[in-house]
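Asks: One file: final07.cif (mmCIF, C-alpha atoms and all ligand atoms).
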```cif
data_upload
#
loop_
_atom_site.label_atom_id
_atom_site.label_comp_id
_atom_site.auth_asym_id
_atom_site.auth_seq_id
_atom_site.Cartn_x
_atom_site.Cartn_y
_atom_site.Cartn_z
CA MET Z 1 72.10 104.26 86.70
CA MET Z 2 74.73 104.50 84.04
CA SER Z 3 74.02 101.44 82.00
CA ARG Z 4 74.00 103.08 78.61
CA GLY Z 5 76.38 104.92 76.37
CA THR Z 6 79.68 103.42 77.46
CA SER Z 7 82.74 104.44 75.50
CA ALA Z 8 82.67 101.35 73.38
CA ASN Z 9 79.02 101.82 72.52
CA HIS Z 10 78.68 105.14 70.82
CA GLY Z 11 76.52 103.91 68.00
CA ARG Z 12 72.75 103.90 68.01
CA ASP Z 13 71.27 100.57 69.12
CA ARG Z 14 74.57 99.35 70.49
CA VAL Z 15 74.19 97.49 73.74
CA PRO Z 16 76.16 98.33 76.88
CA ASN Z 17 78.91 95.92 77.87
CA GLU Z 18 77.04 94.67 80.93
CA ALA Z 19 74.06 93.64 78.76
CA PHE Z 20 76.35 91.88 76.30
CA ALA Z 21 78.07 90.10 79.17
CA GLU Z 22 74.73 89.13 80.71
CA ALA Z 23 73.70 87.50 77.43
CA LEU Z 24 76.81 85.31 77.60
CA PHE Z 25 76.24 84.53 81.29
CA ALA Z 26 72.63 83.59 80.58
CA LEU Z 27 73.68 81.29 77.73
CA SER Z 28 76.33 79.70 79.93
CA GLU Z 29 73.68 78.85 82.50
CA ALA Z 30 71.54 77.27 79.82
CA GLU Z 31 74.34 74.77 79.19
CA PRO Z 32 74.95 71.66 81.28
CA PRO Z 33 78.17 71.83 83.35
CA GLY Z 34 81.20 71.34 81.11
CA ASP Z 35 83.58 73.06 78.70
CA ARG Z 36 80.88 74.91 76.77
CA ARG Z 37 79.45 76.44 79.91
CA LEU Z 38 82.91 77.48 81.08
CA ALA Z 39 83.84 79.05 77.74
CA LEU Z 40 80.63 81.11 77.73
CA LEU Z 41 81.21 82.16 81.32
CA ARG Z 42 84.77 83.20 80.52
CA ALA Z 43 83.61 85.22 77.51
CA GLY Z 44 81.00 86.91 79.71
CA TYR Z 45 83.61 87.95 82.26
CA ALA Z 46 85.90 89.21 79.49
CA ALA Z 47 83.10 91.44 78.19
CA PHE Z 48 82.22 92.63 81.69
CA ASP Z 49 85.78 93.45 82.67
CA THR Z 50 86.98 95.32 79.59
CA ALA Z 51 87.12 99.08 79.31
CA GLY Z 52 86.90 98.67 75.51
CA GLY Z 53 84.51 96.85 73.22
CA ALA Z 54 82.63 93.85 74.63
CA ARG Z 55 82.60 91.89 71.36
CA ARG Z 56 86.33 92.05 70.93
CA ALA Z 57 87.02 91.11 74.54
CA ALA Z 58 84.62 88.16 74.37
CA LEU Z 59 86.22 86.89 71.16
CA GLU Z 60 89.75 87.10 72.49
CA ASP Z 61 90.04 83.65 74.09
CA ALA Z 62 86.88 82.13 72.65
CA PRO Z 63 87.12 78.62 71.13
CA ALA Z 64 86.19 78.30 67.45
CA TRP Z 65 82.65 77.01 68.10
CA LEU Z 66 81.81 80.04 70.23
CA ARG Z 67 82.95 82.73 67.83
CA PRO Z 68 79.95 82.69 65.46
CA LEU Z 69 77.64 82.84 68.47
CA ILE Z 70 79.44 85.92 69.81
CA GLU Z 71 79.19 87.52 66.38
CA GLN Z 72 75.49 86.70 66.31
CA LEU Z 73 74.98 88.46 69.64
CA ALA Z 74 77.11 91.39 68.52
CA ALA Z 75 74.92 91.82 65.44
CA CYS Z 76 71.85 92.46 67.60
CA HIS Z 77 70.59 96.04 67.45
CA GLY Z 78 69.53 97.08 70.91
CA GLU Z 79 68.90 95.24 74.15
CA ASP Z 80 65.48 93.92 73.13
CA ALA Z 81 66.93 92.19 70.09
CA LEU Z 82 69.72 90.80 72.26
CA ALA Z 83 67.23 89.45 74.82
CA ALA Z 84 65.23 87.85 72.01
CA ALA Z 85 68.38 86.19 70.66
CA VAL Z 86 69.23 84.84 74.11
CA ALA Z 87 65.71 83.49 74.59
CA ARG Z 88 65.94 81.73 71.21
CA LEU Z 89 69.42 80.31 71.82
CA ALA Z 90 68.74 79.25 75.40
CA ALA Z 91 65.48 77.62 74.32
CA GLY Z 92 63.69 78.55 77.50
CA ARG Z 93 66.24 77.05 79.86
CA PRO Z 94 66.48 79.09 83.07
CA HIS Z 95 69.46 81.19 84.12
CA PRO Z 96 69.17 80.97 87.89
CA SER Z 97 71.95 83.37 88.93
CA ARG Z 98 70.59 86.31 86.97
CA ALA Z 99 69.42 88.20 90.07
CA ALA Z 100 72.90 87.85 91.60
CA ARG Z 101 74.35 89.66 88.57
CA ALA Z 102 71.92 92.56 88.49
CA GLY Z 103 72.99 96.08 89.36
CA TYR Z 104 76.74 95.69 88.87
CA LEU Z 105 78.76 98.18 86.82
CA SER Z 106 80.88 96.79 84.02
CA ARG Z 107 84.37 98.18 83.71
CA ALA Z 108 83.28 100.21 80.68
CA ALA Z 109 80.42 101.73 82.70
CA VAL Z 110 82.90 102.68 85.44
CA ALA Z 111 85.19 104.37 82.90
CA ASP Z 112 82.21 106.23 81.50
CA ALA Z 113 81.04 107.37 84.95
CA LEU Z 114 84.52 108.68 85.79
CA ARG Z 115 84.59 110.66 82.55
CA ARG Z 116 81.24 112.29 83.19
CA GLY Z 117 81.03 112.42 86.98
CA PRO Z 118 82.15 115.22 89.28
CA ALA Z 119 85.94 115.53 89.24
CA GLU Z 120 86.01 115.98 93.02
CA LEU Z 121 85.21 112.30 93.53
CA HIS Z 122 87.61 111.03 90.88
CA PRO Z 123 90.05 108.44 92.31
CA ARG Z 124 92.92 110.81 91.50
CA ARG Z 125 91.42 113.29 93.94
CA LEU Z 126 91.13 110.85 96.84
CA ARG Z 127 93.78 111.50 99.49
CA GLY Z 128 93.23 108.19 101.25
CA ALA Z 129 93.47 104.65 99.82
CA CYS Z 130 91.24 102.60 102.07
CA HIS Z 131 90.70 98.92 102.79
CA TRP Z 132 93.53 96.85 101.38
CA HIS Z 133 95.12 93.59 102.41
CA THR Z 134 98.67 92.32 102.68
CA HIS Z 135 100.15 88.88 103.03
CA ASP Z 136 99.70 89.29 106.77
CA SER Z 137 96.24 87.87 105.95
CA ASP Z 138 95.07 86.81 102.47
CA GLY Z 139 96.72 89.56 100.38
CA LYS Z 140 99.41 88.83 97.80
CA ALA Z 141 101.93 91.57 98.60
CA ALA Z 142 103.92 92.88 101.54
CA LEU Z 143 102.77 95.95 103.42
CA ALA Z 144 105.63 98.10 102.11
CA ALA Z 145 104.87 97.12 98.50
CA MET Z 146 101.20 98.02 98.91
CA ALA Z 147 102.01 101.30 100.68
CA ARG Z 148 104.53 102.20 97.97
CA ALA Z 149 101.91 101.54 95.30
CA CYS Z 150 99.37 103.72 97.13
CA ALA Z 151 101.93 106.51 97.33
CA ALA Z 152 102.78 106.11 93.64
CA LYS Z 153 99.08 106.48 92.80
CA GLY Z 154 99.23 109.86 94.46
CA HIS Z 155 97.49 109.12 97.74
CA ALA Z 156 98.70 110.94 100.84
CA TRP Z 157 97.64 108.23 103.28
CA SER Z 158 96.23 104.76 103.34
CA LEU Z 159 94.44 102.31 105.56
CA VAL Z 160 95.64 98.70 105.62
CA SER Z 161 92.76 96.44 106.71
CA ASP Z 162 93.85 92.85 107.03
CA HIS Z 163 91.50 90.19 108.37
CA SER Z 164 91.25 89.25 112.00
CA ARG Z 165 92.06 85.66 112.92
CA GLY Z 166 88.39 84.70 113.28
CA LEU Z 167 87.82 84.56 109.55
CA GLU Z 168 87.72 80.95 108.45
CA VAL Z 169 88.57 81.54 104.78
CA ALA Z 170 91.65 83.66 105.39
CA SER Z 171 94.62 83.30 107.64
CA GLY Z 172 93.92 86.30 109.79
CA LEU Z 173 95.99 88.29 112.25
CA ASP Z 174 96.10 87.43 115.93
CA ARG Z 175 97.22 89.89 118.60
CA GLU Z 176 100.90 89.14 118.10
CA GLY Z 177 100.57 89.40 114.33
CA LEU Z 178 98.91 92.78 114.74
CA ARG Z 179 101.72 93.94 117.01
CA LEU Z 180 104.34 92.92 114.45
CA GLN Z 181 102.41 94.65 111.68
CA ARG Z 182 102.16 97.78 113.85
CA ALA Z 183 105.95 97.80 114.15
CA ARG Z 184 106.27 97.58 110.35
CA ILE Z 185 103.81 100.45 109.95
CA ALA Z 186 105.73 102.55 112.49
CA ARG Z 187 108.93 101.93 110.53
CA TRP Z 188 107.22 102.90 107.27
CA ASN Z 189 105.82 106.07 108.81
CA ARG Z 190 109.21 107.01 110.26
CA GLU Z 191 110.84 106.68 106.86
CA HIS Z 192 108.06 107.77 104.49
CA GLY Z 193 105.26 109.16 106.64
CA ASP Z 194 105.72 112.73 105.43
CA ASP Z 195 104.88 111.61 101.90
CA HIS Z 196 102.49 108.80 102.64
CA ARG Z 197 101.14 107.88 106.04
CA VAL Z 198 99.79 104.39 106.77
CA PHE Z 199 97.06 103.75 109.35
CA GLN Z 200 96.43 100.33 110.80
CA GLY Z 201 92.93 99.00 110.31
CA LEU Z 202 91.52 95.55 111.01
CA GLU Z 203 88.66 93.88 109.19
CA VAL Z 204 86.86 92.04 111.97
CA GLU Z 205 84.18 89.43 111.61
CA VAL Z 206 80.54 90.08 112.47
CA LEU Z 207 79.44 86.75 113.93
CA ALA Z 208 75.96 85.29 113.47
CA ASP Z 209 74.64 87.01 116.59
CA GLY Z 210 76.12 90.42 115.71
CA THR Z 211 79.04 90.23 118.14
CA LEU Z 212 82.60 90.62 116.84
CA ASP Z 213 85.33 88.01 116.79
CA VAL Z 214 87.93 90.33 118.37
CA PRO Z 215 87.57 91.44 122.00
CA HIS Z 216 87.30 95.10 122.91
CA GLY Z 217 90.76 95.51 124.45
CA GLU Z 218 92.39 94.10 121.37
CA ARG Z 219 90.30 96.28 119.06
CA LEU Z 220 91.53 99.36 120.91
CA GLU Z 221 95.08 98.60 119.79
CA VAL Z 222 94.34 99.23 116.12
CA SER Z 223 93.48 102.65 114.70
CA CYS Z 224 90.44 101.68 112.63
CA VAL Z 225 88.02 98.78 113.06
CA LEU Z 226 86.04 97.68 110.01
CA ALA Z 227 83.21 95.29 110.85
CA ALA Z 228 82.17 92.95 108.05
CA VAL Z 229 79.98 89.92 107.39
CA HIS Z 230 81.64 87.01 105.57
CA SER Z 231 79.43 84.12 106.61
CA HIS Z 232 75.93 83.09 107.74
CA PHE Z 233 74.13 85.05 105.02
CA HIS Z 234 70.80 83.25 105.45
CA PRO Z 235 69.10 84.99 102.52
CA ASP Z 236 65.68 83.99 103.85
CA ARG Z 237 66.17 85.76 107.17
CA ASP Z 238 66.12 89.48 108.03
CA GLN Z 239 69.51 90.43 109.51
CA THR Z 240 68.76 93.93 110.73
CA ASP Z 241 69.31 93.09 114.41
CA ARG Z 242 72.63 91.42 113.71
CA LEU Z 243 73.92 94.53 111.92
CA LEU Z 244 72.47 96.91 114.53
CA ARG Z 245 74.34 95.06 117.26
CA ALA Z 246 77.57 95.17 115.27
CA VAL Z 247 77.48 98.91 114.53
CA ALA Z 248 76.50 99.73 118.14
CA THR Z 249 79.63 97.95 119.41
CA PRO Z 250 82.07 100.47 120.91
CA GLY Z 251 85.16 101.09 118.82
CA VAL Z 252 83.70 100.14 115.43
CA HIS Z 253 84.56 102.75 112.80
CA VAL Z 254 83.26 101.33 109.54
CA LEU Z 255 80.62 98.87 108.36
CA ALA Z 256 82.46 97.25 105.44
CA HIS Z 257 80.72 95.79 102.35
CA PRO Z 258 77.40 95.89 104.23
CA ARG Z 259 75.38 93.50 102.07
CA GLY Z 260 78.07 90.90 101.50
CA ARG Z 261 76.76 90.34 98.00
CA HIS Z 262 78.98 88.58 95.45
CA PHE Z 263 78.61 88.80 91.69
CA HIS Z 264 77.05 85.67 90.20
CA HIS Z 265 76.95 83.89 93.58
CA ARG Z 266 74.78 85.63 96.15
CA GLN Z 267 72.65 88.70 96.60
CA GLY Z 268 73.78 89.21 100.15
CA LEU Z 269 72.05 90.08 103.39
CA ARG Z 270 68.46 91.08 103.77
CA ALA Z 271 68.00 93.94 106.22
CA ARG Z 272 65.96 97.07 106.82
CA TRP Z 273 68.71 99.29 105.53
CA GLU Z 274 67.17 102.64 106.52
CA LYS Z 275 67.31 101.42 110.10
CA VAL Z 276 70.85 100.04 109.82
CA PHE Z 277 72.17 103.24 108.25
CA ALA Z 278 70.33 105.44 110.76
CA ALA Z 279 72.14 103.51 113.51
CA CYS Z 280 75.45 103.97 111.69
CA ALA Z 281 74.85 107.73 111.55
CA ASP Z 282 73.90 107.77 115.26
CA HIS Z 283 77.04 105.91 116.30
CA GLY Z 284 79.32 107.77 113.91
CA VAL Z 285 80.06 104.57 112.01
CA ALA Z 286 80.95 105.14 108.37
CA VAL Z 287 79.55 102.89 105.67
CA GLU Z 288 81.81 101.47 103.00
CA ILE Z 289 81.33 101.51 99.27
CA ASN Z 290 83.49 98.52 98.45
CA GLY Z 291 84.86 98.78 94.91
CA PHE Z 292 86.04 95.21 94.49
CA PRO Z 293 84.41 94.47 91.10
CA ARG Z 294 82.73 91.26 92.26
CA ARG Z 295 81.36 93.02 95.35
CA GLN Z 296 80.36 96.62 94.43
CA ASP Z 297 78.80 96.87 97.85
CA LEU Z 298 77.01 99.23 98.52
CA ASP Z 299 75.53 99.78 95.10
CA ALA Z 300 74.37 103.26 94.09
CA GLU Z 301 70.80 102.67 95.23
CA LEU Z 302 71.75 101.73 98.79
CA ALA Z 303 74.49 104.36 98.90
CA ARG Z 304 71.74 106.93 98.37
CA VAL Z 305 69.85 105.48 101.32
CA ALA Z 306 73.01 105.75 103.44
CA VAL Z 307 73.50 109.38 102.39
CA SER Z 308 69.87 110.19 103.24
CA ALA Z 309 70.34 108.62 106.65
CA GLY Z 310 73.25 111.00 107.29
CA CYS Z 311 76.09 108.49 107.02
CA GLU Z 312 79.67 109.19 106.10
CA LEU Z 313 81.12 106.89 103.46
CA MET Z 314 84.46 105.21 102.97
CA LEU Z 315 85.49 104.26 99.44
CA GLY Z 316 87.44 101.00 99.60
CA SER Z 317 89.26 98.99 96.94
CA ASP Z 318 89.48 95.81 99.05
CA ALA Z 319 92.73 95.26 97.15
CA HIS Z 320 94.38 91.89 97.74
CA ALA Z 321 97.24 92.69 95.34
CA VAL Z 322 98.89 95.83 93.96
CA PRO Z 323 96.84 96.00 90.70
CA HIS Z 324 93.61 95.78 92.73
CA LEU Z 325 94.27 99.23 94.19
CA GLU Z 326 92.67 100.54 90.99
CA PHE Z 327 89.34 99.17 92.20
CA ASP Z 328 88.78 102.43 94.06
CA ALA Z 329 87.56 103.56 90.62
CA TYR Z 330 84.51 101.29 90.97
CA ALA Z 331 83.76 102.72 94.42
CA ALA Z 332 84.17 106.27 93.09
CA ALA Z 333 81.86 105.53 90.14
CA ILE Z 334 79.19 104.21 92.53
CA ALA Z 335 79.58 107.27 94.77
CA MET Z 336 79.17 109.51 91.72
CA ALA Z 337 76.05 107.63 90.61
CA ALA Z 338 74.63 107.99 94.12
CA GLU Z 339 75.55 111.70 94.19
CA VAL Z 340 77.39 111.31 97.48
CA PRO Z 341 78.43 114.80 98.63
CA ARG Z 342 82.20 115.20 98.71
CA GLU Z 343 82.24 116.20 102.38
CA ARG Z 344 80.68 112.86 103.36
CA VAL Z 345 83.58 110.89 101.86
CA LEU Z 346 86.34 110.00 104.33
CA ASN Z 347 88.92 109.51 101.58
CA VAL Z 348 89.02 113.23 100.76
CA LYS Z 349 90.22 114.11 104.27
CA HIS Z 350 93.80 115.08 104.98
CA ALA Z 351 95.70 112.50 107.03
CA GLU Z 352 95.42 114.63 110.20
CA GLU Z 353 91.68 115.06 109.67
CA PHE Z 354 91.24 111.33 109.17
CA GLU Z 355 93.25 110.66 112.32
CA ALA Z 356 91.05 113.07 114.28
CA TRP Z 357 87.95 111.33 112.89
CA LEU Z 358 89.31 107.96 114.03
CA ASN Z 359 90.05 109.26 117.49
CA GLU Z 360 86.56 110.69 117.96
CA ARG Z 361 85.08 107.24 117.85
ZN ZN N 401 85.67 91.47 103.58
ZN ZN N 402 88.67 93.10 102.87
#
```
Show the structure stored in the file as structure tokens.
Ligand SMILES: [Zn+2]
Ligand SMILES: [Zn+2]
Replies:
Amino acid sequence: MMSRGTSANHGRDRVPNEAFAEALFALSEAEPPGDRRLALLRAGYAAFDTAGGARRAALEDAPAWLRPLIEQLAACHGEDALAAAVARLAAGRPHPSRAARAGYLSRAAVADALRRGPAELHPRRLRGACHWHTHDSDGKAALAAMARACAAKGHAWSLVSDHSRGLEVASGLDREGLRLQRARIARWNREHGDDHRVFQGLEVEVLADGTLDVPHGERLEVSCVLAAVHSHFHPDRDQTDRLLRAVATPGVHVLAHPRGRHFHHRQGLRARWEKVFAACADHGVAVEINGFPRRQDLDAELARVAVSAGCELMLGSDAHAVPHLEFDAYAAAIAMAAEVPRERVLNVKHAEEFEAWLNER
């Protein structure tokens, strides 16, 4: 993994941004709920999400009482010293969410990976911008605005993937909504398709028993079906069978954010991943590396397992607003860390090749 030597941490003994952020998260969890806990949490996120120096980012909005503490952490030489400082300051109080923060790349680590990794997987080299939302479901922008932004980033095609109506947390698309969106996509492609072609995807819900919330006939009307788990995580229960049933369902193209993990909140599904990915490879279902910073799902370790199983991978930003389209950088950094071969990545295909791939399924 690429936890060391981020751009902001050239010096000897300097700690990577994710370790600095984790120290602040750990201290926040040692506090009772209240303003102090929130300020520490905010400083932790600032350090995690900056491409520059963690200390400076953490200090930026820190209240006066927190600043000396940040300086104290920043003065630690090396991760061991930092851990010792946290143990002293937290006075043995537990930080229960630690496991749900492990294995995520900070923004600085992503920037570092893109600098060092193979240029062929750099976001600039990806022809397709996959998995983004519009205000047809829970996105913040119109389809044309998102498509324009994808084109401006240099992508030749993109895959809109709004939620189906079955998702409780988002106002999803029903059949009529999908039809109206399809008309908007057709208009876009008539006017701009030579420069940037949009494909219609749909992020459908994998229910607790592994069936999907959208019936087969309706699924056939969209070009690309992404199956995803958003509920019933049951961390104590093995969910292999649920996922096997979902990926074996005819017309599914992609298993999106397979674990459903969420930074700081949950570690996601438990499953025998070799078996799940082998089934994906058998059924020609691609596996997503979701680059949304709080998801990063798959991580590099599981992406390697998917590659070994013979899977193809889709790099997705899961953008819910125009600036989020940059999150494909996180997915690319994970793919680089996992040494995903370029030819296994759907995003490098030309639009016609991607269309042919969709139609094979
Ligand atoms: Zn999702
Ligand atoms: Zn999504």
Asks: When you draw a straight line from CA of Pro33 in chain Z to CA of His264 in chain Z, how long is it in Å?
Replies: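 Separating CA of Pro33 in chain Z from CA of His264 in chain Z is a distance of 15.5 Å.
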Asks: Taking all atoms listed in the file into account, report as JSON, numbers by chain which residues have an atom no farther than 12 Å from an atom of ligand ZN 401 (chain N).
Replies: {"Z": [131, 132, 133, 137, 138, 139, 161, 162, 163, 164, 167, 168, 169, 170, 172, 202, 203, 204, 205, 206, 226, 227, 228, 229, 230, 231, 254, 255, 256, 257, 258, 259, 260, 261, 262, 288, 289, 290, 291, 292, 294, 295, 296, 297, 316, 317, 318, 319, 320]}
Asks: Calculated over all atoms listed in the file, which of the candidates Z:Ile334, Z:Pro235, Z:Glu343, Z:Asp328 has the smallest distance to Leu298 in chain Z?
Replies: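 Of the candidates, the smallest distance to Leu298 in chain Z is held by Z:Ile334.
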Asks: Using only C-alpha atoms, pick whichever of Z:Asp209, Z:Glu120, Z:Glu360, Z:Glu355 has the shortest atom-to-atom distance to Ala246 in chain Z.
Replies: Z:Asp209
Asks: Compile the contact shell of Ala19 in chain Z as a VMD selection string: residues with an atom at most 12 Å away, counting all atoms listed in the file, same-chain residues fewer than 3 positions apart removed.
Replies: chain Z and resid 3 to 6 9 14 to 16 22 to 26 44 to 45 47 to 48 54 to 55 73 to 74 76 78 to 83 86 98 101 to 106 108 to 109
Asks: Please compute the CA of Gln267 in chain Z-CA of Ala100 in chain Z distance, one decimal, in Å.
Replies: 5.1 Å
Asks: For ligand ZN 402 (chain N), which residue out of Z:Ala183, Z:Val276, Z:Val160, Z:Leu313 is the nearest one, using all atoms listed in the file?
Replies: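 When distances to ligand ZN 402 (chain N) are compared using all atoms listed in the file, the smallest one comes from Z:Val160.
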Asks: My list of candidates is Z:Val110, Z:Arg179, Z:Ala64, Z:His324. Which is closest to ligand ZN 402 (chain N) when distances are computed with all atoms listed in the file?
Replies: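 For ligand ZN 402 (chain N), the nearest of the candidates is Z:His324.
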Asks: For CA of Glu191 in chain Z and CA of Lys349 in chain Z, quote the distance in Å rounded to one decimal.
Replies: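 If I compute the distance from CA of Glu191 in chain Z to CA of Lys349 in chain Z, I get 22.1 Å.
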Asks: Ranking Z:Gly201, Z:Ala208, Z:Pro68, Z:Ala147 by minimum distance to ligand ZN 402 (chain N) and counting all atoms listed in the file, which one comes first?
Replies: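 Among the listed residues, the smallest separation from ligand ZN 402 (chain N) belongs to Z:Gly201.
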Asks: If you count all atoms listed in the file, which residues fall within 8 Å of Ala335 in chain Z, apart from same-chain ones fewer than 6 positions away, as a VMD selection string?
Replies: chain Z and resid 121 289 300 303
Asks: Reconstruct N, CA and C atoms of range 53-73 of chain Z; output as a compact mmCIF listing (two decimals), keeping the file's coordinate frame.
Replies:
```txt
# COMPACT_ATOMS: atom_id res chain seq x y z
N GLY Z 53 85.69 97.45 73.81
CA GLY Z 53 84.51 96.85 73.22
C GLY Z 53 84.26 95.45 73.76
N ALA Z 54 82.99 95.14 74.05
CA ALA Z 54 82.63 93.85 74.63
C ALA Z 54 82.85 92.71 73.63
N ARG Z 55 82.48 92.95 72.36
CA ARG Z 55 82.60 91.89 71.36
C ARG Z 55 84.05 91.42 71.24
N ARG Z 56 84.92 92.39 71.10
CA ARG Z 56 86.33 92.05 70.93
C ARG Z 56 86.89 91.30 72.14
N ALA Z 57 86.53 91.77 73.32
CA ALA Z 57 87.02 91.11 74.54
C ALA Z 57 86.49 89.68 74.64
N ALA Z 58 85.22 89.49 74.27
CA ALA Z 58 84.62 88.16 74.37
C ALA Z 58 85.27 87.20 73.37
N LEU Z 59 85.63 87.74 72.21
CA LEU Z 59 86.22 86.89 71.16
C LEU Z 59 87.64 86.46 71.49
N GLU Z 60 88.30 87.24 72.33
CA GLU Z 60 89.75 87.10 72.49
C GLU Z 60 90.21 85.67 72.77
N ASP Z 61 89.62 85.02 73.77
CA ASP Z 61 90.04 83.65 74.09
C ASP Z 61 88.95 82.63 73.77
N ALA Z 62 88.01 83.01 72.92
CA ALA Z 62 86.88 82.13 72.65
C ALA Z 62 87.30 80.98 71.73
N PRO Z 63 86.87 79.74 72.05
CA PRO Z 63 87.12 78.62 71.13
C PRO Z 63 86.33 78.82 69.83
N ALA Z 64 86.74 78.08 68.79
CA ALA Z 64 86.19 78.30 67.45
C ALA Z 64 84.66 78.17 67.43
N TRP Z 65 84.11 77.21 68.16
CA TRP Z 65 82.65 77.01 68.10
C TRP Z 65 81.88 78.20 68.65
N LEU Z 66 82.52 78.95 69.56
CA LEU Z 66 81.81 80.04 70.23
C LEU Z 66 81.82 81.34 69.42
N ARG Z 67 82.78 81.45 68.51
CA ARG Z 67 82.95 82.73 67.83
C ARG Z 67 81.73 83.16 67.01
N PRO Z 68 81.14 82.26 66.22
CA PRO Z 68 79.95 82.69 65.46
C PRO Z 68 78.81 83.12 66.40
N LEU Z 69 78.71 82.47 67.52
CA LEU Z 69 77.64 82.84 68.47
C LEU Z 69 77.87 84.25 69.02
N ILE Z 70 79.13 84.56 69.33
CA ILE Z 70 79.44 85.92 69.81
C ILE Z 70 79.12 86.94 68.72
N GLU Z 71 79.47 86.60 67.48
CA GLU Z 71 79.19 87.52 66.38
C GLU Z 71 77.68 87.72 66.21
N GLN Z 72 76.95 86.63 66.41
CA GLN Z 72 75.49 86.70 66.31
C GLN Z 72 74.92 87.66 67.37
N LEU Z 73 75.44 87.55 68.58
CA LEU Z 73 74.98 88.46 69.64
C LEU Z 73 75.38 89.90 69.32
```
